[in-house]
Amino acid sequence: MTEKLTLDLSLILPDVADERDACAGRLTELLQAEGLEKVHLIREDGSARLCLHYDPQRFSVSRVRELAQAAGAKIGNRYRHESLRIDGMDCPTCATVIEHALQRTDGVLEASVSYAAERLRLEYDSEKIERLAIVRRIEALGYAVLEEGREAGWFAEHRELIFSGVAGLLLLAGWLAGLAGAPRNLSLGLLLGAYAAGGFYTLRDAWQSVKSRRFDIDTLMIVAAAGAAALGAWEEGALLLFLFSLGHALEHLAMDRARRAIEALAELAPKTAIVQRDAAEIEVRVEDLQRGDRVIVKPGQRIPADGVVASGSSAVDQSPVTGESMPVDKQPGDKVFAATVNGEGALVVEVTRLARESTLARMVEMVAEAQTQKSPTQRFTDRFERIFVPVVLVGAGLLILLPPLLGFPFAVSFYRAMAVLVAASPCALAIATPSAVLSGIARAARGGVLIKGGAHLENLGVLTAIAFDKTGTLTIGKPRVTDVVAVIVDEARLLTVAAAVESRSAHPLAQAVVAEAKGRGLTWSEAGKTESVTGKGVRAEFEGQKVAIGNAKLFDGESLPEVIQQHILRLQTEGKTIMLIQVDGQFLGVVALADTPREGVRGVLERLHQLGIRKTIMLTGDNEGVGRAIANTVGLDEVKAGLLPEDKVKAMEELSQRYGQVAMVGDGVNDAPAMARATVGIAMGGAGTDVALETADVALMADDLSKLPFAVALSRASRRIIRQNLWVSLGVVALLIPATLFGWTGIGVAVLLHEGSTLVVVLNALRLLAYR
């Protein structure tokens with residue numbers, strides 16, 4: 001008889017996206033070779049999980065886990081994953097050219113290029129191909145791979161604009177020379193120069209596409225310009241290439257603004273740090289910091305690395321990482337993050353993470369990775385373009401051949417065919433979605449929300465319901481005293497007795513009572529001999545009196561005063577835990593405790609309803625009474641209580657059937673299975689936990705819910721802008737095709753409107769960077 005162990009694939013192979021990845025397939029082979037009965041991968045709503053069937057007589061659970069981790073490490077060493085920055089792309093087609101060239105290269109398992117982010121997500125077999133060979137393949141296509149932190153240089157960043165400017169000047173000179181009656185060869189030479197400058201990058205990209213057996217937008221433009229030249233319309237052909245290159249150059253500069261929004265995050269961390277070593281203070285590069293180093297952070301300086309406060313106290317502005325608007329007080333033992341700004345006090349911080357491992361560094365890396373992942377809308381437009389462009393070429397060919405057979409002048413039909421090629425080029429469509437996704441993810445990161453891909457950005461915008469874990473998500477996660485009910489003595493005396501006895505205990509409820517008493521400024525002498533009664537409470541001596549503190553079970557067989565019984569009934573109905581305090585057989589009163597809601601949760605839920613979220617639901621392992629009390633306090637619509645982790649998964653399935661698109665908000669650890677079942681899994685406290693960053697689709701970097709409405713509203717705005725961009729891009733094509741087909745518009749006007757729509761689409765997407 002075999003047993004089954006299910007593990008999250010992302011924890012074994014962190015860089016593997018899903019079960020279709022070659023690494024995952026190889027992993028199953030290695031584990032079966034180790035003697036496991038059966039190994040297979042399953043996909044559950046976007047989460048890949050590894051199912052291991054094993055003989056319990058041969059393997060323990062821990063041994064199976066060890067085998068899985070060892071196999072994952074072996075695979076990870078062979079199959080490399082990298083995110084490379086690509087320079088030289090001047091249109092979305094360039095990204096497609098690089099993708100296809102690499103996907104046909106032996107040893108490359110996956111290549112996904114984002115023109116908007118200028119990033120290549122690469123997965124390759126290091127035993128079959130080296131990284132250097134891949135870089136050389138990219139360079140052979142006419143592009144460059146930039147090392148992280150290295151800038152391309154002024155000329156490289158502006159070369160498209162320079163070539164376009166030269167093309168414009170030569171076009172103007174050629175046109176004026178023709179008007180002035182200069183020799184035709186002079187005018188023609190200037191126009192040929194305009195062709196060369198304006199068509200330099202377009203011809204390069206078109207040639208690479210043809211070599212890849214693909215026809216794209218650049219191909220359409222080159223064919224149209226060549227056709228204009230064949231008709232003797234050199235001025236119009238030069239104008240076409242000039243405006244096309246100018247549009248791409250301006251589009252590229254506009255997209256750089258969105259890219260820099262993320263790069264600016266990486267530049268927030270200081271370059272050097274003051275370190276205490278060998279009783280001396282020395283300045284070192286942040287990259288040279290080691291775990292355990294103690295760095296001195298003066299008032300107003302940025303903290304150079306993730307760590308814990310060793311000494312000193314101050315208020316720290318964490319907005320660069322968590323998006324929190326107010327500074328957070330830091331005491332010895334508290335965590336701090338790289339790039340956050342120290343307040344008025346000096347701090348000594350013990351480094352716990354290297355520079356490349358900091359929360360900020362991982363955020364930047366994950367955002368760069370997210371920008372290379374295509375959203376559903378982008379995948380649709382890519383498929384549309386692959387079909388549309390060849391259809392346009394065939395249509396233009398028919399437009400050239402058929403009308404002359406019916407007596408229509410060949411020159412006119414040829415010119416109109418070239419104009420149709422320009423009108424039908426879907427440049428704006430190709431950039432409509434990537435530009436919005438890039439801007440949306442960048443804006444979210446600046447606001448303390450990490451969205452790990454365009455698909456999740458879009459899915460956030462279609463949510464109809466959101467489920468929340470209770471403990472630590474809706475509530476603080478720690479018990480607090482909510483009621484002090486004194487029957488005989490006053491509240492101060494009641495709390496003093498309770499705190500004196502409970503101060504001897506490390507139980508969370510006992511510590512909550514002590515914290516409440518200290519918060520009220522109470523003091524007490526030490527209690528005498530104490531006796532813990534498991535599951536019931538504690539007995540002790542205090543100031544010569546016998547004290548008993550605990551729940552009702554501790555006082556079984558004793559008659560409780562009616563007033564005490566009434567208070568117990570009321571407080572338990574509210575879902576609170578009660579502690580009875582008895583001194584020398586006389587009940588002094590009741591202390592009630594509860595895990596209280598986070599501040600501002602009700603406002604967050606109200607804002608979500610305003611944004612169009614129809615239902616908010618609590619999923620909790622606590623009892624119905626406690627869950628219902630919290631739900632009523634914060635304004636939740638539904639409560640599902642008494643749930644184990646596997647029950648939460650079933651609850652998410654049921655909610656998805658009832659409401660459609662449902663998100664799950666939790667801590668990213670205990671809630672991981674339910675989050676995997678959700679349309680979008682949202683984890684809180686991403687800045688403080690590695691697991692939340694790795695497992696969630698969306699991570700709220702601060703440990704509070706206040707950024708959730710912002711994330712939902714931003715995604716809805718992103719979807720609106722994507723739809724607007726698609727309508728603009730498709731609308732312009734739909735208007736220009738008949739206009740050029742029937743001769744109402746020439747090549748010059750067509751290319752002007754065509755490139756204008758592309759710039760409109762990009763500028764519209766950039767509005768997301770200023771979203772509030």
# chains A, B, ... in the order shown; residues from 1 in each chain; ligands from 1

call {"tool": "residues_around", "arguments": {"residues": "stretch 156-171 of chain A", "least_positions_apart": "6", "cutoff": "7 Å", "atoms": "only C-alpha atoms", "output": "JSON list (two decimals) with N, CA and C atoms, in the first residue's frame"}}
result
[["chain", "number", "residue", "atom", "x", "y", "z"],
["A", 190, "LEU", "N", 19.23, 62.95, -52.06],
["A", 190, "LEU", "CA", 18.82, 63.34, -50.71],
["A", 190, "LEU", "C", 17.68, 62.45, -50.20],
["A", 191, "LEU", "N", 16.73, 62.14, -51.09],
["A", 191, "LEU", "CA", 15.62, 61.28, -50.69],
["A", 191, "LEU", "C", 16.08, 59.85, -50.42],
["A", 193, "GLY", "N", 18.98, 59.14, -49.22],
["A", 193, "GLY", "CA", 19.57, 59.25, -47.89],
["A", 193, "GLY", "C", 18.50, 59.20, -46.80],
["A", 194, "ALA", "N", 17.35, 59.86, -47.07],
["A", 194, "ALA", "CA", 16.23, 59.81, -46.12],
["A", 194, "ALA", "C", 15.71, 58.38, -45.99],
["A", 195, "TYR", "N", 15.64, 57.66, -47.11],
["A", 195, "TYR", "CA", 15.25, 56.25, -47.07],
["A", 195, "TYR", "C", 16.20, 55.44, -46.18],
["A", 197, "ALA", "N", 18.34, 56.46, -43.78],
["A", 197, "ALA", "CA", 18.31, 56.81, -42.36],
["A", 197, "ALA", "C", 16.99, 56.39, -41.70],
["A", 198, "GLY", "N", 15.88, 56.67, -42.38],
["A", 198, "GLY", "CA", 14.57, 56.34, -41.79],
["A", 198, "GLY", "C", 14.28, 54.86, -41.77],
["A", 238, "ALA", "N", 9.77, 58.27, -48.50],
["A", 238, "ALA", "CA", 10.67, 58.80, -47.47],
["A", 238, "ALA", "C", 9.88, 59.33, -46.27],
["A", 242, "PHE", "N", 10.27, 58.10, -42.47],
["A", 242, "PHE", "CA", 10.61, 59.12, -41.48],
["A", 242, "PHE", "C", 9.59, 59.12, -40.33],
["A", 245, "SER", "N", 9.78, 55.84, -38.26],
["A", 245, "SER", "CA", 10.94, 55.80, -37.35],
["A", 245, "SER", "C", 10.79, 56.82, -36.24],
["A", 246, "LEU", "N", 10.22, 58.00, -36.55],
["A", 246, "LEU", "CA", 10.01, 59.01, -35.51],
["A", 246, "LEU", "C", 9.01, 58.52, -34.47],
["A", 249, "ALA", "N", 10.72, 56.06, -32.25],
["A", 249, "ALA", "CA", 11.68, 56.71, -31.35],
["A", 249, "ALA", "C", 10.97, 57.40, -30.19]]

call {"tool": "residues_around", "arguments": {"residues": "stretch 648-652 of chain A", "least_positions_apart": "3", "cutoff": "12 Å", "atoms": "only C-alpha atoms", "output": "ChimeraX atom specification"}}
result
/A:44-45,465-470,617-621,638-645,655-666,670-681

call {"tool": "residues_around", "arguments": {"residues": "stretch 82-94 of chain A", "least_positions_apart": "5", "cutoff": "9 Å", "atoms": "only C-alpha atoms", "output": "short mmCIF file (atom, residue, chain, number, x, y, z; two decimals) with all heavy atoms, in the first residue's frame"}}
result
data_model
loop_
_atom_site.label_atom_id
_atom_site.label_comp_id
_atom_site.auth_asym_id
_atom_site.auth_seq_id
_atom_site.Cartn_x
_atom_site.Cartn_y
_atom_site.Cartn_z
N GLU A 99 12.55 36.14 -29.56
CA GLU A 99 11.90 34.94 -29.02
C GLU A 99 12.02 33.78 -29.97
O GLU A 99 12.42 32.66 -29.59
CB GLU A 99 10.42 35.23 -28.75
CG GLU A 99 10.13 35.91 -27.44
CD GLU A 99 8.64 36.05 -27.18
OE1 GLU A 99 7.84 35.51 -27.98
OE2 GLU A 99 8.27 36.71 -26.19
N VAL A 113 10.21 37.45 -24.27
CA VAL A 113 10.77 38.80 -24.33
C VAL A 113 9.64 39.82 -24.19
O VAL A 113 8.60 39.70 -24.84
CB VAL A 113 11.51 39.03 -25.65
CG1 VAL A 113 12.14 40.43 -25.68
CG2 VAL A 113 12.59 37.98 -25.85
N SER A 114 9.87 40.81 -23.37
CA SER A 114 8.94 41.93 -23.23
C SER A 114 9.59 43.17 -23.81
O SER A 114 10.61 43.66 -23.29
CB SER A 114 8.58 42.17 -21.75
OG SER A 114 7.92 43.41 -21.61
N TYR A 115 9.02 43.68 -24.90
CA TYR A 115 9.53 44.93 -25.48
C TYR A 115 9.32 46.08 -24.50
O TYR A 115 10.19 46.93 -24.33
CB TYR A 115 8.82 45.21 -26.80
CG TYR A 115 8.93 46.65 -27.25
CD1 TYR A 115 10.17 47.17 -27.64
CD2 TYR A 115 7.82 47.49 -27.25
CE1 TYR A 115 10.29 48.50 -28.03
CE2 TYR A 115 7.93 48.82 -27.64
CZ TYR A 115 9.16 49.32 -28.03
OH TYR A 115 9.28 50.63 -28.40
N ALA A 116 8.15 46.09 -23.85
CA ALA A 116 7.84 47.18 -22.93
C ALA A 116 8.85 47.27 -21.80
O ALA A 116 9.27 48.36 -21.41
CB ALA A 116 6.43 47.00 -22.37
N ALA A 117 9.25 46.12 -21.24
CA ALA A 117 10.19 46.12 -20.11
C ALA A 117 11.64 45.97 -20.55
O ALA A 117 12.55 46.06 -19.73
CB ALA A 117 9.85 44.97 -19.16
N GLU A 118 11.87 45.73 -21.85
CA GLU A 118 13.21 45.46 -22.38
C GLU A 118 13.87 44.31 -21.63
O GLU A 118 15.04 44.37 -21.27
CB GLU A 118 14.09 46.72 -22.30
CG GLU A 118 13.70 47.80 -23.28
CD GLU A 118 14.70 48.94 -23.34
OE1 GLU A 118 15.39 49.18 -22.32
OE2 GLU A 118 14.80 49.59 -24.38
N ARG A 119 13.11 43.25 -21.41
CA ARG A 119 13.58 42.12 -20.63
C ARG A 119 13.37 40.81 -21.36
O ARG A 119 12.37 40.62 -22.06
CB ARG A 119 12.84 42.05 -19.29
CG ARG A 119 13.27 43.08 -18.28
CD ARG A 119 14.49 42.63 -17.52
NE ARG A 119 15.04 43.69 -16.69
CZ ARG A 119 16.13 43.55 -15.96
NH1 ARG A 119 16.79 42.40 -15.95
NH2 ARG A 119 16.59 44.55 -15.24
N LEU A 120 14.32 39.90 -21.17
CA LEU A 120 14.22 38.53 -21.68
C LEU A 120 14.21 37.58 -20.50
O LEU A 120 15.13 37.59 -19.68
CB LEU A 120 15.41 38.21 -22.59
CG LEU A 120 15.71 36.72 -22.86
CD1 LEU A 120 14.56 36.06 -23.62
CD2 LEU A 120 17.02 36.56 -23.62
N ARG A 121 13.15 36.78 -20.37
CA ARG A 121 13.12 35.73 -19.37
C ARG A 121 13.58 34.45 -20.07
O ARG A 121 12.95 33.98 -21.01
CB ARG A 121 11.72 35.53 -18.79
CG ARG A 121 11.69 34.48 -17.69
CD ARG A 121 10.29 34.21 -17.19
NE ARG A 121 10.28 33.31 -16.06
CZ ARG A 121 10.34 31.97 -16.15
NH1 ARG A 121 10.38 31.40 -17.34
NH2 ARG A 121 10.35 31.22 -15.08
N LEU A 122 14.67 33.91 -19.58
CA LEU A 122 15.36 32.82 -20.27
C LEU A 122 15.48 31.60 -19.38
O LEU A 122 15.80 31.70 -18.20
CB LEU A 122 16.76 33.30 -20.68
CG LEU A 122 17.64 32.34 -21.47
CD1 LEU A 122 17.06 32.08 -22.85
CD2 LEU A 122 19.05 32.92 -21.59
N GLU A 123 15.20 30.44 -19.96
CA GLU A 123 15.43 29.17 -19.28
C GLU A 123 16.21 28.27 -20.25
O GLU A 123 15.79 28.08 -21.40
CB GLU A 123 14.11 28.51 -18.91
CG GLU A 123 14.29 27.18 -18.19
CD GLU A 123 12.95 26.49 -17.94
OE1 GLU A 123 11.92 27.17 -17.99
OE2 GLU A 123 12.98 25.27 -17.71
N TYR A 124 17.36 27.75 -19.80
CA TYR A 124 18.17 26.95 -20.72
C TYR A 124 18.89 25.83 -19.98
O TYR A 124 19.06 25.86 -18.76
CB TYR A 124 19.18 27.84 -21.45
CG TYR A 124 20.21 28.51 -20.55
CD1 TYR A 124 21.49 27.98 -20.37
CD2 TYR A 124 19.91 29.70 -19.91
CE1 TYR A 124 22.42 28.59 -19.57
CE2 TYR A 124 20.84 30.34 -19.09
CZ TYR A 124 22.10 29.78 -18.92
OH TYR A 124 23.03 30.39 -18.12
N ILE A 138 21.96 36.57 -29.61
CA ILE A 138 21.17 37.81 -29.56
C ILE A 138 21.91 38.94 -30.27
O ILE A 138 21.31 39.71 -31.04
CB ILE A 138 20.88 38.19 -28.09
CG1 ILE A 138 19.99 37.13 -27.43
CG2 ILE A 138 20.22 39.57 -28.00
CD1 ILE A 138 19.84 37.29 -25.93
N GLY A 142 21.44 41.68 -33.99
CA GLY A 142 21.52 43.14 -34.02
C GLY A 142 21.15 43.82 -32.72
O GLY A 142 20.98 45.04 -32.69
N TYR A 143 21.04 43.03 -31.64
CA TYR A 143 20.67 43.59 -30.34
C TYR A 143 21.81 43.36 -29.36
O TYR A 143 22.77 42.65 -29.66
CB TYR A 143 19.37 42.96 -29.84
CG TYR A 143 18.26 43.00 -30.86
CD1 TYR A 143 17.96 41.88 -31.64
CD2 TYR A 143 17.54 44.15 -31.07
CE1 TYR A 143 16.97 41.92 -32.61
CE2 TYR A 143 16.53 44.21 -32.03
CZ TYR A 143 16.25 43.08 -32.80
OH TYR A 143 15.28 43.13 -33.75
N ALA A 144 21.70 43.95 -28.19
CA ALA A 144 22.76 43.82 -27.19
C ALA A 144 22.17 43.40 -25.86
O ALA A 144 21.02 43.72 -25.55
CB ALA A 144 23.51 45.13 -27.04
N VAL A 145 22.97 42.67 -25.07
CA VAL A 145 22.58 42.29 -23.71
C VAL A 145 23.36 43.17 -22.75
O VAL A 145 24.59 43.17 -22.75
CB VAL A 145 22.89 40.81 -23.44
CG1 VAL A 145 22.57 40.46 -21.98
CG2 VAL A 145 22.08 39.91 -24.37
N LEU A 146 22.63 43.95 -21.95
CA LEU A 146 23.26 44.86 -20.99
C LEU A 146 23.38 44.18 -19.64
O LEU A 146 22.42 43.57 -19.16
CB LEU A 146 22.45 46.14 -20.84
CG LEU A 146 22.39 47.08 -22.04
CD1 LEU A 146 21.54 48.30 -21.71
CD2 LEU A 146 23.78 47.51 -22.46
N GLU A 147 24.54 44.27 -19.03
CA GLU A 147 24.72 43.77 -17.68
C GLU A 147 23.96 44.67 -16.71
O GLU A 147 23.84 45.88 -16.94
CB GLU A 147 26.20 43.72 -17.31
CG GLU A 147 27.02 42.77 -18.17
CD GLU A 147 26.54 41.32 -18.08
OE1 GLU A 147 26.07 40.92 -16.99
OE2 GLU A 147 26.61 40.61 -19.09
N GLU A 148 23.45 44.08 -15.62
CA GLU A 148 22.68 44.86 -14.65
C GLU A 148 23.51 46.00 -14.09
O GLU A 148 24.68 45.82 -13.74
CB GLU A 148 22.21 43.95 -13.50
CG GLU A 148 21.22 42.89 -13.95
CD GLU A 148 19.94 43.47 -14.53
OE1 GLU A 148 19.56 44.58 -14.14
OE2 GLU A 148 19.33 42.80 -15.38
N ALA A 152 23.14 52.02 -21.24
CA ALA A 152 23.46 51.87 -22.65
C ALA A 152 24.27 53.04 -23.19
O ALA A 152 24.95 52.92 -24.19
CB ALA A 152 22.17 51.72 -23.46
N ALA A 156 23.30 55.42 -27.57
CA ALA A 156 22.51 54.19 -27.72
C ALA A 156 21.05 54.43 -27.36
O ALA A 156 20.15 53.86 -28.00
CB ALA A 156 23.10 53.09 -26.84
N GLU A 157 20.79 55.28 -26.37
CA GLU A 157 19.41 55.54 -25.96
C GLU A 157 18.68 56.43 -26.95
O GLU A 157 17.45 56.38 -27.04
CB GLU A 157 19.40 56.18 -24.57
CG GLU A 157 19.70 55.19 -23.45
CD GLU A 157 19.39 55.78 -22.08
OE1 GLU A 157 18.89 56.91 -22.02
OE2 GLU A 157 19.64 55.09 -21.08
N GLU A 160 17.76 56.02 -32.29
CA GLU A 160 16.59 55.99 -33.17
C GLU A 160 16.12 57.40 -33.48
O GLU A 160 15.77 57.72 -34.62
CB GLU A 160 15.46 55.22 -32.51
CG GLU A 160 15.72 53.74 -32.32
CD GLU A 160 14.60 53.10 -31.50
OE1 GLU A 160 13.46 53.11 -31.98
OE2 GLU A 160 14.87 52.60 -30.41
N TYR A 201 16.63 50.86 -39.11
CA TYR A 201 16.21 49.88 -38.09
C TYR A 201 15.00 49.09 -38.56
O TYR A 201 14.86 47.90 -38.25
CB TYR A 201 15.89 50.60 -36.77
CG TYR A 201 17.14 51.14 -36.10
CD1 TYR A 201 17.38 52.50 -36.06
CD2 TYR A 201 18.07 50.28 -35.52
CE1 TYR A 201 18.52 53.01 -35.46
CE2 TYR A 201 19.21 50.78 -34.92
CZ TYR A 201 19.44 52.15 -34.89
OH TYR A 201 20.59 52.63 -34.30
N THR A 202 14.14 49.73 -39.36
CA THR A 202 12.97 49.02 -39.86
C THR A 202 13.39 47.88 -40.79
O THR A 202 12.85 46.77 -40.71
CB THR A 202 12.04 50.00 -40.61
OG1 THR A 202 11.74 51.10 -39.76
CG2 THR A 202 10.76 49.31 -41.03
N ASP A 205 14.91 44.95 -38.76
CA ASP A 205 13.90 44.13 -38.09
C ASP A 205 13.07 43.32 -39.08
O ASP A 205 12.73 42.16 -38.82
CB ASP A 205 12.98 45.02 -37.25
CG ASP A 205 13.74 45.76 -36.16
OD1 ASP A 205 14.79 45.25 -35.74
OD2 ASP A 205 13.29 46.85 -35.75
N ALA A 206 12.78 43.93 -40.25
CA ALA A 206 12.01 43.21 -41.27
C ALA A 206 12.81 42.01 -41.81
O ALA A 206 12.27 40.92 -42.01
CB ALA A 206 11.65 44.15 -42.41
N GLN A 208 15.18 40.30 -40.23
CA GLN A 208 15.22 39.25 -39.21
C GLN A 208 13.88 38.50 -39.16
O GLN A 208 13.86 37.28 -38.97
CB GLN A 208 15.53 39.85 -37.84
CG GLN A 208 16.92 40.46 -37.71
CD GLN A 208 18.03 39.43 -37.82
OE1 GLN A 208 17.79 38.22 -37.77
NE2 GLN A 208 19.25 39.90 -38.00
N SER A 209 12.78 39.21 -39.36
CA SER A 209 11.47 38.56 -39.33
C SER A 209 11.31 37.62 -40.51
O SER A 209 10.81 36.50 -40.37
CB SER A 209 10.35 39.62 -39.37
OG SER A 209 10.40 40.42 -38.22
N ASP A 216 5.69 40.78 -40.39
CA ASP A 216 5.23 41.64 -39.31
C ASP A 216 5.07 43.07 -39.79
O ASP A 216 5.10 43.35 -40.99
CB ASP A 216 6.19 41.56 -38.12
CG ASP A 216 7.63 41.86 -38.54
OD1 ASP A 216 7.81 42.66 -39.48
OD2 ASP A 216 8.55 41.31 -37.93
N ILE A 217 4.90 43.95 -38.82
CA ILE A 217 4.63 45.36 -39.13
C ILE A 217 5.78 46.00 -39.91
O ILE A 217 5.56 46.75 -40.87
CB ILE A 217 4.39 46.12 -37.81
CG1 ILE A 217 3.16 45.54 -37.11
CG2 ILE A 217 4.21 47.60 -38.06
CD1 ILE A 217 3.05 45.89 -35.66
N ASP A 218 7.02 45.69 -39.55
CA ASP A 218 8.16 46.26 -40.25
C ASP A 218 8.19 45.80 -41.70
O ASP A 218 8.53 46.58 -42.60
CB ASP A 218 9.46 45.85 -39.54
CG ASP A 218 9.56 46.44 -38.15
OD1 ASP A 218 9.75 47.66 -38.04
OD2 ASP A 218 9.43 45.69 -37.18
N SER A 245 9.78 55.84 -38.26
CA SER A 245 10.94 55.80 -37.35
C SER A 245 10.79 56.82 -36.24
O SER A 245 11.16 56.56 -35.09
CB SER A 245 12.23 56.05 -38.14
OG SER A 245 12.23 57.35 -38.72
N HIS A 248 8.37 55.42 -33.64
CA HIS A 248 9.02 54.41 -32.80
C HIS A 248 9.98 55.03 -31.81
O HIS A 248 10.06 54.60 -30.65
CB HIS A 248 9.77 53.40 -33.69
CG HIS A 248 8.91 52.30 -34.18
ND1 HIS A 248 8.37 51.35 -33.35
CD2 HIS A 248 8.47 51.99 -35.43
CE1 HIS A 248 7.65 50.49 -34.05
NE2 HIS A 248 7.68 50.86 -35.32
N ALA A 249 10.72 56.06 -32.25
CA ALA A 249 11.68 56.71 -31.35
C ALA A 249 10.97 57.40 -30.19
O ALA A 249 11.37 57.26 -29.02
CB ALA A 249 12.52 57.73 -32.13
N GLU A 251 7.94 56.69 -29.09
CA GLU A 251 7.32 55.63 -28.30
C GLU A 251 8.35 55.02 -27.34
O GLU A 251 8.06 54.77 -26.17
CB GLU A 251 6.78 54.56 -29.25
CG GLU A 251 6.30 53.29 -28.59
CD GLU A 251 6.13 52.18 -29.62
OE1 GLU A 251 5.63 52.45 -30.72
OE2 GLU A 251 6.52 51.03 -29.32
N HIS A 252 9.56 54.81 -27.86
CA HIS A 252 10.62 54.21 -27.04
C HIS A 252 10.97 55.13 -25.87
O HIS A 252 11.14 54.67 -24.73
CB HIS A 252 11.85 53.97 -27.91
CG HIS A 252 12.86 53.05 -27.30
ND1 HIS A 252 12.69 51.69 -27.27
CD2 HIS A 252 14.03 53.30 -26.67
CE1 HIS A 252 13.73 51.13 -26.66
NE2 HIS A 252 14.55 52.09 -26.28
N GLU A 365 13.62 42.51 -8.68
CA GLU A 365 13.79 41.33 -9.53
C GLU A 365 12.44 40.73 -9.92
O GLU A 365 12.20 40.36 -11.07
CB GLU A 365 14.63 40.28 -8.79
CG GLU A 365 14.86 39.01 -9.59
CD GLU A 365 15.63 37.97 -8.79
OE1 GLU A 365 16.15 38.30 -7.70
OE2 GLU A 365 15.69 36.82 -9.25
N ALA A 368 10.62 42.97 -12.43
CA ALA A 368 11.20 42.79 -13.76
C ALA A 368 10.73 41.48 -14.38
O ALA A 368 10.42 41.41 -15.58
CB ALA A 368 12.73 42.81 -13.66
N GLU A 369 10.67 40.43 -13.58
CA GLU A 369 10.18 39.14 -14.05
C GLU A 369 8.71 39.23 -14.44
O GLU A 369 8.28 38.71 -15.47
CB GLU A 369 10.36 38.11 -12.94
CG GLU A 369 9.82 36.73 -13.26
CD GLU A 369 10.84 35.84 -13.93
OE1 GLU A 369 11.99 36.27 -14.10
OE2 GLU A 369 10.47 34.74 -14.30
N THR A 372 7.80 40.58 -17.90
CA THR A 372 8.04 39.74 -19.08
C THR A 372 6.92 38.73 -19.29
O THR A 372 6.87 38.07 -20.33
CB THR A 372 9.37 38.97 -18.96
OG1 THR A 372 9.28 38.02 -17.88
CG2 THR A 372 10.53 39.91 -18.69
N CYS A 427 0.57 48.52 -35.36
CA CYS A 427 1.60 48.93 -34.38
C CYS A 427 0.98 49.27 -33.03
O CYS A 427 1.45 48.84 -31.98
CB CYS A 427 2.35 50.15 -34.90
SG CYS A 427 3.55 49.77 -36.18
N ALA A 430 -0.13 46.28 -31.07
CA ALA A 430 0.95 45.49 -30.49
C ALA A 430 1.44 46.06 -29.17
O ALA A 430 1.85 45.31 -28.27
CB ALA A 430 2.11 45.38 -31.48
N ILE A 431 1.38 47.39 -29.02
CA ILE A 431 1.91 48.01 -27.80
C ILE A 431 0.82 48.36 -26.81
O ILE A 431 1.09 48.74 -25.67
CB ILE A 431 2.73 49.29 -28.17
CG1 ILE A 431 3.66 49.71 -27.01
CG2 ILE A 431 1.80 50.42 -28.56
CD1 ILE A 431 4.73 48.73 -26.70
#

call {"tool": "residues_around", "arguments": {"residues": "A:Ile296", "least_positions_apart": "3", "cutoff": "12 Å", "atoms": "only C-alpha atoms", "output": "count of residues only"}}
result
32

call {"tool": "atom_distance", "arguments": {"atom1": "atom CA of A:Phe244", "atom2": "atom CA of A:Arg383"}}
result
23.1 Å

call {"tool": "residues_around", "arguments": {"residues": "A:Val392", "least_positions_apart": "4", "cutoff": "8 Å", "atoms": "only C-alpha atoms", "output": "ChimeraX atom specification"}}
result
/A:388,396,421,424

call {"tool": "atom_distance", "arguments": {"atom1": "atom CA of A:Cys51", "atom2": "atom CA of A:Glu653"}}
result
20.2 Å

call {"tool": "residues_around", "arguments": {"residues": "A:Thr381", "least_positions_apart": "4", "cutoff": "9 Å", "atoms": "only C-alpha atoms", "output": "list of chain:residue names"}}
result
A:Pro376, A:Thr377, A:Glu385, A:Arg386, A:Leu429, A:Ala430, A:Thr433

call {"tool": "residues_around", "arguments": {"residues": "stretch 230-234 of chain A", "least_positions_apart": "2", "cutoff": "8 Å", "atoms": "only C-alpha atoms", "output": "list in words"}}
result
Leu188, Leu191, Ala226, Gly227, Ala228, Glu236, Gly237, Ala238, Ala411 and Tyr415 of chain A

call {"tool": "select_by_dssp", "arguments": {"residues": "stretch 229-420 of chain A", "states": "strand (DSSP E or B)", "output": "MDAnalysis selection string"}}
result
chainID A and resid 272:277 280:285 294:297 302 307:311 314:317 328:330 335:336 341:342 347:351

call {"tool": "closest_residue", "arguments": {"among": "A:Leu766, A:Trp175, A:Gly612, A:Arg136", "to": "A:Ser439", "atoms": "only C-alpha atoms"}}
result
A:Leu766

call {"tool": "closest_residue", "arguments": {"among": "A:Ile722, A:Val712, A:Ala515, A:Leu450", "to": "A:Met363", "atoms": "only C-alpha atoms"}}
result
A:Leu450

call {"tool": "closest_residue", "arguments": {"among": "A:Ala500, A:Leu605, A:Ile578, A:Val634", "to": "A:Glu543", "atoms": "only C-alpha atoms"}}
result
A:Ala500
